[in-house]
Structure formats: structure tokens, C-alpha cells
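See below for protein.csv, which holds CSV, C-alpha atoms.
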chain,number,residue,atom,x,y,z
N,3,MET,CA,-54.5,10.5,-101.3
N,4,THR,CA,-51.4,12.6,-100.8
N,5,GLU,CA,-47.9,11.3,-101.0
N,6,SER,CA,-47.3,11.7,-97.2
N,7,THR,CA,-50.3,9.6,-96.2
N,8,ARG,CA,-49.6,7.0,-98.9
N,9,ARG,CA,-46.1,6.6,-97.5
N,10,GLN,CA,-47.5,5.5,-94.2
N,11,LEU,CA,-50.3,3.3,-95.6
N,12,ASN,CA,-50.2,-0.1,-93.9
N,13,ASP,CA,-47.2,1.3,-91.9
N,14,VAL,CA,-45.0,0.3,-94.9
N,15,ASN,CA,-41.9,2.5,-95.4
N,16,LEU,CA,-42.4,3.2,-99.1
N,17,GLU,CA,-39.7,6.0,-98.9
N,18,ALA,CA,-37.0,3.4,-98.2
N,19,MET,CA,-38.3,1.2,-101.0
N,20,GLY,CA,-38.5,4.1,-103.4
N,21,ALA,CA,-34.9,5.1,-102.6
N,22,LEU,CA,-33.7,1.6,-103.3
N,23,ILE,CA,-35.5,1.5,-106.6
N,24,GLU,CA,-34.0,4.9,-107.6
N,25,LYS,CA,-30.5,3.6,-106.6
N,26,ILE,CA,-31.0,0.5,-108.8
N,27,ARG,CA,-32.2,2.6,-111.7
N,28,ARG,CA,-29.0,4.6,-111.5
N,29,GLU,CA,-26.8,1.6,-110.7
N,30,PRO,CA,-28.2,-1.7,-111.9
N,31,GLU,CA,-25.5,-3.7,-110.2
N,32,ALA,CA,-26.9,-2.6,-106.8
N,33,ALA,CA,-29.8,-5.1,-107.5
N,34,LYS,CA,-27.4,-8.0,-107.0
N,35,THR,CA,-27.9,-9.1,-103.4
N,36,GLN,CA,-26.4,-12.0,-101.5
N,37,TRP,CA,-28.2,-13.7,-98.6
N,38,ARG,CA,-26.8,-16.0,-95.9
N,39,ALA,CA,-27.8,-18.3,-93.1
N,40,ASP,CA,-25.6,-20.1,-90.6
N,41,VAL,CA,-27.0,-23.2,-89.1
N,42,ARG,CA,-25.7,-24.9,-85.9
N,43,TRP,CA,-26.7,-28.4,-84.7
N,44,THR,CA,-27.7,-28.2,-81.1
N,45,GLY,CA,-28.2,-31.9,-80.3
N,46,ALA,CA,-30.7,-34.7,-81.3
N,47,LEU,CA,-32.7,-33.4,-84.4
N,48,ARG,CA,-32.5,-29.7,-83.2
N,49,SER,CA,-30.7,-26.9,-84.8
N,50,GLU,CA,-30.7,-23.1,-85.0
N,51,ALA,CA,-30.3,-20.9,-88.0
N,52,ARG,CA,-29.0,-17.3,-87.9
N,53,SER,CA,-28.9,-14.5,-90.5
N,54,ARG,CA,-27.0,-11.3,-89.9
N,55,ASP,CA,-27.3,-10.3,-86.2
N,56,LEU,CA,-30.9,-11.4,-85.9
N,57,GLY,CA,-32.4,-13.8,-83.4
N,58,PRO,CA,-32.2,-17.5,-84.2
N,59,LEU,CA,-34.7,-19.6,-86.1
N,60,PRO,CA,-35.0,-22.8,-84.1
N,61,SER,CA,-35.8,-26.1,-85.7
N,62,ASP,CA,-36.8,-29.6,-84.5
N,63,GLU,CA,-38.8,-32.6,-85.7
N,64,PRO,CA,-42.0,-34.1,-84.3
N,65,PHE,CA,-41.8,-37.0,-81.9
N,66,ALA,CA,-42.9,-39.5,-84.6
N,67,LEU,CA,-39.9,-38.6,-86.7
N,68,GLY,CA,-37.5,-39.0,-83.7
N,69,GLY,CA,-37.4,-35.3,-82.7
N,70,SER,CA,-38.3,-33.5,-79.5
N,71,ASN,CA,-41.1,-31.4,-81.1
N,72,THR,CA,-39.9,-28.0,-79.7
N,73,ALA,CA,-40.1,-26.0,-83.0
N,74,PRO,CA,-41.5,-26.3,-86.6
N,75,ASN,CA,-39.5,-28.6,-88.8
N,76,PRO,CA,-37.6,-27.6,-91.9
N,77,VAL,CA,-40.4,-28.5,-94.3
N,78,GLU,CA,-42.8,-26.4,-92.3
N,79,GLN,CA,-40.2,-23.6,-92.3
N,80,LEU,CA,-40.2,-23.8,-96.1
N,81,LEU,CA,-44.0,-23.2,-96.2
N,82,ALA,CA,-43.6,-20.4,-93.6
N,83,ALA,CA,-40.9,-18.8,-95.8
N,84,LEU,CA,-43.4,-18.8,-98.8
N,85,GLY,CA,-46.2,-17.5,-96.7
N,86,ASN,CA,-44.1,-14.7,-95.2
N,87,CYS,CA,-42.8,-13.8,-98.7
N,88,LEU,CA,-46.4,-13.5,-100.0
N,89,ALA,CA,-47.3,-11.4,-97.0
N,90,VAL,CA,-44.4,-9.0,-97.8
N,91,GLY,CA,-45.5,-8.8,-101.4
N,92,TYR,CA,-49.1,-8.1,-100.5
N,93,ALA,CA,-48.2,-5.4,-97.9
N,94,ALA,CA,-45.7,-3.7,-100.3
N,95,ASN,CA,-47.8,-3.8,-103.4
N,96,ALA,CA,-51.0,-2.9,-101.6
N,97,SER,CA,-49.3,0.2,-100.2
N,98,VAL,CA,-48.0,1.3,-103.5
N,99,ALA,CA,-51.5,0.9,-105.0
N,100,GLY,CA,-53.0,2.9,-102.2
N,101,VAL,CA,-54.9,-0.1,-100.8
N,102,GLN,CA,-55.4,-0.4,-97.1
N,103,ILE,CA,-55.1,-3.9,-95.6
N,104,ARG,CA,-57.5,-4.7,-92.8
N,105,SER,CA,-56.2,-8.2,-92.3
N,106,LEU,CA,-54.1,-10.7,-94.3
N,107,ARG,CA,-53.8,-14.4,-93.6
N,108,ILE,CA,-52.2,-17.1,-95.8
N,109,GLU,CA,-52.8,-20.8,-95.4
N,110,LEU,CA,-50.2,-23.1,-96.8
N,111,GLU,CA,-50.1,-26.9,-97.3
N,112,GLY,CA,-48.1,-29.5,-99.2
N,113,GLU,CA,-47.6,-33.2,-99.4
N,114,ILE,CA,-44.4,-35.2,-98.8
N,115,ASP,CA,-44.0,-39.0,-99.2
N,116,LEU,CA,-41.6,-40.0,-96.4
N,117,HIS,CA,-40.2,-43.1,-98.2
N,118,ALA,CA,-37.3,-41.2,-99.7
N,119,PHE,CA,-36.4,-39.2,-96.6
N,120,LEU,CA,-36.4,-42.4,-94.5
N,121,GLY,CA,-34.2,-44.2,-97.0
N,122,LEU,CA,-36.9,-46.8,-97.9
N,123,ARG,CA,-36.6,-45.9,-101.6
N,124,GLY,CA,-35.0,-43.3,-103.9
N,125,GLY,CA,-36.9,-40.6,-105.8
N,126,ASN,CA,-38.3,-37.3,-104.6
N,127,ALA,CA,-37.9,-36.7,-100.8
N,128,GLY,CA,-39.4,-33.2,-101.1
N,129,TYR,CA,-42.8,-31.6,-101.7
N,130,GLU,CA,-44.9,-33.0,-104.5
N,131,SER,CA,-46.9,-29.8,-104.7
N,132,ILE,CA,-47.6,-26.8,-102.5
N,133,ARG,CA,-50.8,-24.7,-102.2
N,134,ALA,CA,-51.3,-21.3,-100.7
N,135,THR,CA,-54.6,-19.6,-100.1
N,136,VAL,CA,-54.6,-15.9,-99.4
N,137,HIS,CA,-57.3,-14.3,-97.3
N,138,LEU,CA,-57.3,-10.6,-97.7
N,139,GLU,CA,-59.6,-8.0,-96.1
N,140,SER,CA,-59.0,-4.6,-97.5
N,141,ASP,CA,-60.6,-1.6,-99.2
N,142,ALA,CA,-59.5,-2.9,-102.7
N,143,SER,CA,-62.0,-3.2,-105.5
N,144,PRO,CA,-62.4,-6.7,-107.1
N,145,GLU,CA,-60.3,-5.5,-110.0
N,146,GLN,CA,-57.6,-4.1,-107.6
N,147,ARG,CA,-57.5,-7.4,-105.7
N,148,LYS,CA,-57.0,-9.4,-108.9
N,149,LEU,CA,-54.2,-7.1,-110.1
N,150,LEU,CA,-52.6,-7.1,-106.7
N,151,HIS,CA,-52.6,-10.9,-106.5
N,152,GLU,CA,-51.1,-11.2,-110.0
N,153,LYS,CA,-48.4,-8.7,-109.1
N,154,VAL,CA,-47.5,-10.5,-105.8
N,155,VAL,CA,-47.4,-14.0,-107.4
N,156,GLY,CA,-45.4,-12.7,-110.4
N,157,SER,CA,-42.7,-11.2,-108.2
N,158,SER,CA,-42.4,-13.5,-105.1
N,159,PRO,CA,-38.7,-14.4,-104.5
N,160,VAL,CA,-39.6,-17.5,-102.5
N,161,GLY,CA,-42.5,-18.4,-104.9
N,162,HIS,CA,-40.1,-18.2,-107.9
N,163,THR,CA,-37.4,-20.2,-106.1
N,164,LEU,CA,-39.8,-23.0,-105.4
N,165,SER,CA,-41.4,-23.1,-108.8
N,166,ARG,CA,-38.1,-23.4,-110.6
N,167,ALA,CA,-35.3,-25.9,-110.3
N,168,VAL,CA,-32.6,-24.0,-108.5
N,169,PRO,CA,-28.9,-25.0,-109.0
N,170,LEU,CA,-27.9,-26.3,-105.6
N,171,ARG,CA,-24.3,-27.1,-104.5
N,172,ILE,CA,-24.0,-28.9,-101.2
N,173,GLU,CA,-20.5,-29.6,-100.2
N,174,LEU,CA,-18.8,-31.2,-97.2
N,175,GLY,CA,-16.0,-28.7,-96.3
Q,30,MET,CA,-21.5,-50.7,-79.9
Q,31,THR,CA,-24.6,-52.1,-78.4
Q,32,GLU,CA,-28.1,-51.3,-79.6
Q,33,SER,CA,-29.0,-49.4,-76.5
Q,34,THR,CA,-26.0,-47.1,-76.7
Q,35,ARG,CA,-26.5,-46.6,-80.4
Q,36,ARG,CA,-30.1,-45.5,-79.8
Q,37,GLN,CA,-28.9,-42.6,-77.7
Q,38,LEU,CA,-26.0,-41.6,-80.0
Q,39,ASN,CA,-26.1,-37.9,-80.7
Q,40,ASP,CA,-29.3,-37.9,-78.5
Q,41,VAL,CA,-31.3,-39.0,-81.5
Q,42,ASN,CA,-34.4,-41.1,-80.8
Q,43,LEU,CA,-33.7,-43.9,-83.3
Q,44,GLU,CA,-36.4,-46.0,-81.6
Q,45,ALA,CA,-39.1,-43.6,-82.7
Q,46,MET,CA,-37.7,-43.4,-86.2
Q,47,GLY,CA,-37.4,-47.1,-86.4
Q,48,ALA,CA,-41.0,-47.5,-85.3
Q,49,LEU,CA,-42.1,-45.1,-88.1
Q,50,ILE,CA,-40.1,-47.1,-90.7
Q,51,GLU,CA,-41.7,-50.3,-89.5
Q,52,LYS,CA,-45.1,-48.8,-89.7
Q,53,ILE,CA,-44.5,-47.6,-93.3
Q,54,ARG,CA,-43.2,-51.0,-94.3
Q,55,ARG,CA,-46.4,-52.6,-93.1
Q,56,GLU,CA,-48.6,-49.7,-94.3
Q,57,PRO,CA,-47.0,-47.7,-97.2
Q,58,GLU,CA,-49.9,-45.2,-97.1
Q,59,ALA,CA,-48.6,-44.0,-93.7
Q,60,ALA,CA,-45.7,-42.4,-95.6
Q,61,LYS,CA,-48.0,-39.8,-97.1
Q,62,THR,CA,-47.8,-36.8,-94.9
Q,63,GLN,CA,-49.2,-33.3,-95.1
Q,64,TRP,CA,-47.6,-30.2,-93.7
Q,65,ARG,CA,-49.1,-26.8,-93.0
Q,66,ALA,CA,-48.3,-23.3,-92.0
Q,67,ASP,CA,-50.5,-20.4,-91.2
Q,68,VAL,CA,-49.2,-16.9,-91.8
Q,69,ARG,CA,-50.6,-13.7,-90.4
Q,70,TRP,CA,-49.6,-10.2,-91.4
Q,71,THR,CA,-48.7,-8.1,-88.3
Q,72,GLY,CA,-48.2,-4.7,-89.9
Q,73,ALA,CA,-45.6,-3.0,-92.2
Q,74,LEU,CA,-43.5,-5.9,-93.8
Q,75,ARG,CA,-43.8,-8.1,-90.7
Q,76,SER,CA,-45.6,-11.4,-90.4
Q,77,GLU,CA,-45.7,-14.5,-88.3
Q,78,ALA,CA,-46.0,-18.1,-89.4
Q,79,ARG,CA,-47.3,-20.9,-87.2
Q,80,SER,CA,-47.3,-24.7,-87.7
Q,81,ARG,CA,-49.3,-27.0,-85.4
Q,82,ASP,CA,-49.2,-25.6,-81.8
Q,83,LEU,CA,-45.6,-24.4,-82.0
Q,84,GLY,CA,-44.2,-21.0,-81.4
Q,85,PRO,CA,-44.3,-18.5,-84.2
Q,86,LEU,CA,-41.7,-17.9,-86.9
Q,87,PRO,CA,-41.4,-14.1,-87.2
Q,88,SER,CA,-40.5,-12.4,-90.4
Q,89,ASP,CA,-39.5,-8.9,-91.4
Q,90,GLU,CA,-37.4,-7.1,-94.1
Q,91,PRO,CA,-34.2,-5.1,-93.7
Q,92,PHE,CA,-34.5,-1.3,-93.5
Q,93,ALA,CA,-33.2,-0.8,-97.1
Q,94,LEU,CA,-36.2,-2.9,-98.4
Q,95,GLY,CA,-38.7,-0.9,-96.4
Q,96,GLY,CA,-38.9,-3.2,-93.4
Q,97,SER,CA,-38.2,-2.7,-89.7
Q,98,ASN,CA,-35.4,-5.4,-89.5
Q,99,THR,CA,-36.7,-7.3,-86.5
Q,100,ALA,CA,-36.3,-10.8,-87.9
Q,101,PRO,CA,-34.8,-12.7,-90.9
Q,102,ASN,CA,-36.6,-12.1,-94.1
Q,103,PRO,CA,-38.3,-14.9,-96.2
Q,104,VAL,CA,-35.4,-15.6,-98.5
Q,105,GLU,CA,-33.1,-16.0,-95.4
Q,106,GLN,CA,-35.8,-18.3,-93.9
Q,107,LEU,CA,-35.5,-20.4,-97.0
Q,108,LEU,CA,-31.8,-20.9,-96.6
Q,109,ALA,CA,-32.4,-21.6,-92.9
Q,110,ALA,CA,-34.9,-24.3,-93.8
Q,111,LEU,CA,-32.4,-25.9,-96.1
Q,112,GLY,CA,-29.6,-25.8,-93.5
Q,113,ASN,CA,-31.9,-27.1,-90.7
Q,114,CYS,CA,-33.0,-29.9,-93.0
Q,115,LEU,CA,-29.4,-30.9,-93.8
Q,116,ALA,CA,-28.7,-30.8,-90.0
Q,117,VAL,CA,-31.5,-33.3,-89.4
Q,118,GLY,CA,-30.3,-35.5,-92.2
Q,119,TYR,CA,-26.7,-35.5,-90.8
Q,120,ALA,CA,-27.8,-36.1,-87.2
Q,121,ALA,CA,-30.2,-38.9,-88.1
Q,122,ASN,CA,-27.9,-40.7,-90.6
Q,123,ALA,CA,-24.8,-40.3,-88.4
Q,124,SER,CA,-26.7,-41.9,-85.5
Q,125,VAL,CA,-27.9,-44.8,-87.7
Q,126,ALA,CA,-24.3,-45.3,-88.9
Q,127,GLY,CA,-22.9,-45.2,-85.3
Q,128,VAL,CA,-21.0,-41.9,-86.0
Q,129,GLN,CA,-20.8,-39.5,-83.1
Q,130,ILE,CA,-21.1,-35.8,-84.0
Q,131,ARG,CA,-18.9,-33.4,-82.1
Q,132,SER,CA,-20.0,-30.4,-83.9
Q,133,LEU,CA,-22.0,-29.6,-87.1
Q,134,ARG,CA,-22.3,-26.3,-88.7
Q,135,ILE,CA,-23.7,-25.4,-92.2
Q,136,GLU,CA,-23.1,-22.2,-94.0
Q,137,LEU,CA,-25.6,-21.2,-96.7
Q,138,GLU,CA,-25.6,-18.5,-99.3
Q,139,GLY,CA,-27.4,-17.5,-102.5
Q,140,GLU,CA,-27.9,-14.7,-104.9
Q,141,ILE,CA,-31.0,-12.8,-105.8
Q,142,ASP,CA,-31.3,-10.0,-108.4
Q,143,LEU,CA,-33.9,-7.5,-106.9
Q,144,HIS,CA,-35.1,-6.2,-110.3
Q,145,ALA,CA,-38.0,-8.6,-110.6
Q,146,PHE,CA,-39.0,-8.4,-106.9
Q,147,LEU,CA,-39.1,-4.6,-107.1
Q,148,GLY,CA,-41.2,-4.7,-110.3
Q,149,LEU,CA,-38.4,-3.1,-112.4
Q,150,ARG,CA,-38.5,-6.0,-114.9
Q,151,GLY,CA,-39.9,-9.5,-115.3
Q,152,GLY,CA,-38.1,-12.8,-115.0
Q,153,ASN,CA,-36.8,-14.7,-112.0
Q,154,ALA,CA,-37.4,-12.9,-108.6
Q,155,GLY,CA,-35.9,-15.9,-106.7
Q,156,TYR,CA,-32.5,-17.4,-106.1
Q,157,GLU,CA,-30.3,-17.9,-109.1
Q,158,SER,CA,-28.3,-20.5,-107.2
Q,159,ILE,CA,-27.7,-21.7,-103.6
Q,160,ARG,CA,-24.6,-23.1,-102.0
Q,161,ALA,CA,-24.3,-24.9,-98.7
Q,162,THR,CA,-21.0,-25.9,-97.0
Q,163,VAL,CA,-21.2,-28.5,-94.2
Q,164,HIS,CA,-18.6,-28.4,-91.4
Q,165,LEU,CA,-18.7,-31.7,-89.5
Q,166,GLU,CA,-16.5,-32.7,-86.6
Q,167,SER,CA,-17.0,-36.3,-85.8
Q,168,ASP,CA,-15.4,-39.7,-85.2
Q,169,ALA,CA,-16.3,-40.8,-88.8
Q,170,SER,CA,-13.6,-42.1,-91.2
Q,171,PRO,CA,-13.1,-40.2,-94.5
Q,172,GLU,CA,-15.1,-43.0,-96.2
Q,173,GLN,CA,-17.9,-42.7,-93.7
Q,174,ARG,CA,-18.0,-39.0,-94.1
Q,175,LYS,CA,-18.4,-39.3,-97.8
Q,176,LEU,CA,-21.2,-41.9,-97.6
Q,177,LEU,CA,-23.0,-39.9,-94.9
Q,178,HIS,CA,-22.9,-36.8,-97.1
Q,179,GLU,CA,-24.2,-38.6,-100.1
Q,180,LYS,CA,-27.0,-40.1,-98.1
Q,181,VAL,CA,-28.0,-36.7,-96.6
Q,182,VAL,CA,-27.9,-34.9,-99.9
Q,183,GLY,CA,-29.8,-37.7,-101.6
Q,184,SER,CA,-32.7,-37.7,-99.1
Q,185,SER,CA,-33.1,-34.1,-98.1
Q,186,PRO,CA,-36.8,-33.0,-98.3
Q,187,VAL,CA,-35.9,-29.3,-98.5
Q,188,GLY,CA,-32.9,-29.9,-100.8
Q,189,HIS,CA,-35.1,-31.9,-103.2
Q,190,THR,CA,-37.9,-29.3,-103.1
Q,191,LEU,CA,-35.4,-26.6,-104.1
Q,192,SER,CA,-33.6,-28.5,-106.8
Q,193,ARG,CA,-36.9,-29.4,-108.5
Q,194,ALA,CA,-39.6,-27.3,-110.0
Q,195,VAL,CA,-42.5,-27.7,-107.5
Q,196,PRO,CA,-46.1,-27.3,-108.8
Q,197,LEU,CA,-47.3,-24.3,-106.9
Q,198,ARG,CA,-50.9,-23.1,-106.7
Q,199,ILE,CA,-51.3,-19.7,-105.1
Q,200,GLU,CA,-54.9,-18.5,-104.9
Q,201,LEU,CA,-56.8,-15.5,-103.5
Q,202,GLY,CA,-59.6,-17.0,-101.4
Produce C-alpha cells that represent the structure in this file.
Amino acid sequence: MTESTRRQLNDVNLEAMGALIEKIRREPEAAKTQWRADVRWTGALRSEARSRDLGPLPSDEPFALGGSNTAPNPVEQLLAALGNCLAVGYAANASVAGVQIRSLRIELEGEIDLHAFLGLRGGNAGYESIRATVHLESDASPEQRKLLHEKVVGSSPVGHTLSRAVPLRIELG
Amino acid sequence: MTESTRRQLNDVNLEAMGALIEKIRREPEAAKTQWRADVRWTGALRSEARSRDLGPLPSDEPFALGGSNTAPNPVEQLLAALGNCLAVGYAANASVAGVQIRSLRIELEGEIDLHAFLGLRGGNAGYESIRATVHLESDASPEQRKLLHEKVVGSSPVGHTLSRAVPLRIELG
């Protein structure tokens, strides 16, 4: 496979990614990135998050939790973020490895005990565990699939964030 | 303030939330909830996440990371999920406390070193730390604001998920 066809594999812009890698090799400080979101409450249990100049990410709660059920809730958004992150990792690493993706789907699920969120007792209000199952159709060999999966799981920003305890500072300004 | 006006405070449906709390008091097993998301790759570094029958949460990467910059990326979605979760907590707990919210905005930021994500070295590919600043305009007293903040931070499902190491199982199906 030539470089020019590889660059377009899975429509991924490997040239831009390669340029960033070269830049970071020359200038390691360029790897330090900061990410932001700005959330505004829009009434009831609804809100909207914005990052950069991109469209809003709407949020709501199901009826049973007192919401109006117009959008996924924050704990579903968390699973979405993990799944979307794994999809990026698969698309990027498959393209680098010369693997063509025919289809890629990721199912995510996790359990939450509502006692703490509802103030009925203390303890963990968050996910007790999270599972993701990747369904990949591609031209990869079994060995390539295995290596690809290891690479994606080993370098997933959202996966690493969830599997570690992140120092969190939440302040009322 | 009468019960009927309190119920509609900040448009929050406290009746539904109260019914759920009563149900869980009678039947603690009802507090065990499972949440899901289903992610599909849509080409390049784009994907869409769906939960239940709700509209999709689109995902993309910035141009510099090889994406087409059409939507917030997964690490921005993670900050969005935290901010949206804090907004739910504020709206719900303020309403229970009889506090009227005039406006609520939450700014979130966090740092990621791209070396691990780009495969340039091992280690943490995720957030090193995350900060959230809540801007609340309301009729709450300084004491009420403080209690409200403590309650929200102490019971945030996304906040607790991020500040703990969550058992994560990611499998290739």
C-alpha cells in the first residue's frame, strides 16, 4: 500500500496527525493541551454544554428522575464519551496499521446505585463499574485485531481518565 | 412557601423525584440502575452515541488531531458530562431547599499530555486534573450556597465516577 492511499484509509487525515507528532517530537511542550467546556442551566434539569465554537451538547434527565427526557443524561454522556473515544482510537490506529474498517460499533453499560445521588445515604454516587464491547468488521487478521485493541485501550484518554482517580477541584465562584 | 409552589420552583418536577425516593425507601433494589450508550463510527474520526431513543451525541476531533472538527471531541464531552451533572445537582437540590436559581453556569477545564494518546510514550493518556467553577445567581443566603455546594459535590454521579478509579472492562467482541 502506498503512502498516499494509506493517508486516506478510513478517511482519516493521517497527514495532520503525523504533523502533530513531528511537532511534539521537536517541541515536547506542544503535547500539553488544555480542554474546556462551558455549561449553562436552561431550566428544570436541562442544561447545555459548549466547547470552542461547536454546537451545544444538550442534557436532561428521564421523567422518573424529575426531568423532561429531551436528551441523554450526564451519566449516559459519560458512557458516550468513552465509546466515542474508543472509536477515535480504533479509527486512528487502524488507519496507521493499514487496516480498513468496514463497520465499528461499541456497546457500553454501567451500574449506578441511586441511593447516594438521591441523598438517601453517603458513599459512591457514581458508576460501580463500566463495560464496553467493541464490534469491529475489518480486513484485519486476528493478530492485527488483538494488537489494535491493546493499542486503543492502552492509549484512550477517556478510558485512562475513568480508570484512574482524577484530582477534581469543584469550586463555587 | 407552600408545597405546590415549591414543587414548581426552578421548573423542577420534585413530585417525580419524591415518588422515586419513596419507591426506593420501600424497595431498596429499585435504586440499582443500569445505563447504556451505543456508539457507531461514521467515518474518519467521527462517531455518534445514542442512549435509549434519544437524539445522537455526535463526536469528532479538531483538525490538528486529524479530525474534521464538526463536534466536541470525547475529552470535551467528558467535561460536558461533569458540568451537566453538577447543573442537575444544583437545580434539584436548590429546588428541594426552596432556593430560586436566576442563572447557573459552570466552567470546566483540564489538562492532557498528548504523548500517550499519540503513542509517543506510555503512561497516562487521560486528564491529569479537572477543575470546575460554578457561577450561581440565586436568592440563597451565603450559608445556603455553601450547604448547597457541599450537597451537590457530595452526591454527583459523574463527579464521583471521575474522582474514583472505576473498574473498566473493554473487550473486543
Find the distance between CA of Leu110 (chain N) and CA of Glu58 (chain Q) and write it in Å to one decimal. 22.1 Å
Counting only C-alpha atoms, which residue out of Q:Lys175, Q:Arg54, Q:Arg131, Q:Arg198 sits closest to chain N? Q:Arg198
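Comparing the minimum interatomic distances between Asp40 (chain Q) and each of Q:Val125, Q:Ile53, Q:Leu176, Q:Leu83, counting all atoms listed in the file, we find that Q:Val125 sits nearest.
Interatomic distance, CA of Leu143 (chain Q) against CA of Ala33 (chain N): 4.8 Å.
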From the options Q:Ser88, Q:Glu136, Q:Ser80, Q:Leu111, which residue's atoms come nearest to Ser192 (chain Q), counting all atoms listed in the file? Q:Leu111
Env of Gln102 (chain N): 7 Å cut, atoms = all atoms listed in the file, seq-sep filter 2 positions within chain, self excluded. Answer as a PyMOL selection string. chain N and resi 11-12+96-97+100+104+140-141
Ranking Q:Gly47, Q:Gly139, Q:Gly96, Q:Pro101 by minimum distance to Gln36 (chain N) and counting all atoms listed in the file, which one comes first?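 Result for the nearest residue to Gln36 (chain N): Q:Gly139.
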Could I get region 128-136 of chain N rebuilt with all heavy atoms, written as a PDB file, in the frame of the given file?
ATOM      1  N   GLY N 128     -38.872 -34.501-101.431  1.00  0.00           N
ATOM      2  CA  GLY N 128     -39.400 -33.200-101.100  1.00  0.00           C
ATOM      3  C   GLY N 128     -40.933 -33.072-101.397  1.00  0.00           C
ATOM      4  O   GLY N 128     -41.626 -34.085-101.574  1.00  0.00           O
ATOM      5  N   TYR N 129     -41.403 -31.832-101.436  1.00  0.00           N
ATOM      6  CA  TYR N 129     -42.800 -31.600-101.700  1.00  0.00           C
ATOM      7  C   TYR N 129     -43.209 -32.006-103.085  1.00  0.00           C
ATOM      8  O   TYR N 129     -42.507 -31.705-104.051  1.00  0.00           O
ATOM      9  CB  TYR N 129     -43.161 -30.105-101.503  1.00  0.00           C
ATOM     10  CG  TYR N 129     -43.378 -29.720-100.055  1.00  0.00           C
ATOM     11  CD1 TYR N 129     -42.455 -28.942 -99.371  1.00  0.00           C
ATOM     12  CD2 TYR N 129     -44.517 -30.139 -99.372  1.00  0.00           C
ATOM     13  CE1 TYR N 129     -42.658 -28.595 -98.040  1.00  0.00           C
ATOM     14  CE2 TYR N 129     -44.729 -29.806 -98.049  1.00  0.00           C
ATOM     15  CZ  TYR N 129     -43.799 -29.037 -97.390  1.00  0.00           C
ATOM     16  OH  TYR N 129     -44.005 -28.704 -96.077  1.00  0.00           O
ATOM     17  N   GLU N 130     -44.353 -32.695-103.191  1.00  0.00           N
ATOM     18  CA  GLU N 130     -44.900 -33.000-104.500  1.00  0.00           C
ATOM     19  C   GLU N 130     -45.622 -31.849-105.101  1.00  0.00           C
ATOM     20  O   GLU N 130     -45.581 -31.617-106.310  1.00  0.00           O
ATOM     21  CB  GLU N 130     -45.810 -34.258-104.377  1.00  0.00           C
ATOM     22  CG  GLU N 130     -44.984 -35.520-104.090  1.00  0.00           C
ATOM     23  CD  GLU N 130     -45.751 -36.584-103.332  1.00  0.00           C
ATOM     24  OE1 GLU N 130     -46.990 -36.653-103.469  1.00  0.00           O
ATOM     25  OE2 GLU N 130     -45.098 -37.350-102.592  1.00  0.00           O
ATOM     26  N   SER N 131     -46.292 -31.088-104.245  1.00  0.00           N
ATOM     27  CA  SER N 131     -46.900 -29.800-104.700  1.00  0.00           C
ATOM     28  C   SER N 131     -47.170 -28.997-103.408  1.00  0.00           C
ATOM     29  O   SER N 131     -47.146 -29.513-102.296  1.00  0.00           O
ATOM     30  CB  SER N 131     -48.248 -30.096-105.387  1.00  0.00           C
ATOM     31  OG  SER N 131     -49.185 -30.650-104.488  1.00  0.00           O
ATOM     32  N   ILE N 132     -47.377 -27.712-103.631  1.00  0.00           N
ATOM     33  CA  ILE N 132     -47.600 -26.800-102.500  1.00  0.00           C
ATOM     34  C   ILE N 132     -48.789 -25.879-102.935  1.00  0.00           C
ATOM     35  O   ILE N 132     -48.857 -25.410-104.068  1.00  0.00           O
ATOM     36  CB  ILE N 132     -46.378 -25.934-102.208  1.00  0.00           C
ATOM     37  CG1 ILE N 132     -45.247 -26.826-101.661  1.00  0.00           C
ATOM     38  CG2 ILE N 132     -46.707 -24.823-101.209  1.00  0.00           C
ATOM     39  CD1 ILE N 132     -43.918 -26.099-101.464  1.00  0.00           C
ATOM     40  N   ARG N 133     -49.700 -25.655-101.993  1.00  0.00           N
ATOM     41  CA  ARG N 133     -50.800 -24.700-102.200  1.00  0.00           C
ATOM     42  C   ARG N 133     -50.841 -23.644-101.173  1.00  0.00           C
ATOM     43  O   ARG N 133     -50.574 -23.908 -99.995  1.00  0.00           O
ATOM     44  CB  ARG N 133     -52.166 -25.493-102.174  1.00  0.00           C
ATOM     45  CG  ARG N 133     -52.378 -26.448-103.334  1.00  0.00           C
ATOM     46  CD  ARG N 133     -53.617 -27.287-103.147  1.00  0.00           C
ATOM     47  NE  ARG N 133     -53.587 -28.017-101.874  1.00  0.00           N
ATOM     48  CZ  ARG N 133     -52.800 -29.068-101.638  1.00  0.00           C
ATOM     49  NH1 ARG N 133     -51.974 -29.523-102.565  1.00  0.00           N
ATOM     50  NH2 ARG N 133     -52.832 -29.679-100.469  1.00  0.00           N
ATOM     51  N   ALA N 134     -51.145 -22.448-101.615  1.00  0.00           N
ATOM     52  CA  ALA N 134     -51.300 -21.300-100.700  1.00  0.00           C
ATOM     53  C   ALA N 134     -52.607 -20.626-100.984  1.00  0.00           C
ATOM     54  O   ALA N 134     -52.951 -20.404-102.146  1.00  0.00           O
ATOM     55  CB  ALA N 134     -50.132 -20.345-100.859  1.00  0.00           C
ATOM     56  N   THR N 135     -53.357 -20.327 -99.936  1.00  0.00           N
ATOM     57  CA  THR N 135     -54.600 -19.600-100.100  1.00  0.00           C
ATOM     58  C   THR N 135     -54.507 -18.290 -99.295  1.00  0.00           C
ATOM     59  O   THR N 135     -54.243 -18.319 -98.094  1.00  0.00           O
ATOM     60  CB  THR N 135     -55.812 -20.406 -99.603  1.00  0.00           C
ATOM     61  OG1 THR N 135     -55.755 -21.701-100.217  1.00  0.00           O
ATOM     62  CG2 THR N 135     -57.119 -19.737 -99.975  1.00  0.00           C
ATOM     63  N   VAL N 136     -54.690 -17.187-100.008  1.00  0.00           N
ATOM     64  CA  VAL N 136     -54.600 -15.900 -99.400  1.00  0.00           C
ATOM     65  C   VAL N 136     -55.941 -15.365 -98.985  1.00  0.00           C
ATOM     66  O   VAL N 136     -56.882 -15.393 -99.791  1.00  0.00           O
ATOM     67  CB  VAL N 136     -53.926 -14.878-100.414  1.00  0.00           C
ATOM     68  CG1 VAL N 136     -53.795 -13.490 -99.801  1.00  0.00           C
ATOM     69  CG2 VAL N 136     -52.577 -15.398-100.908  1.00  0.00           C
TER      70      VAL N 136
END
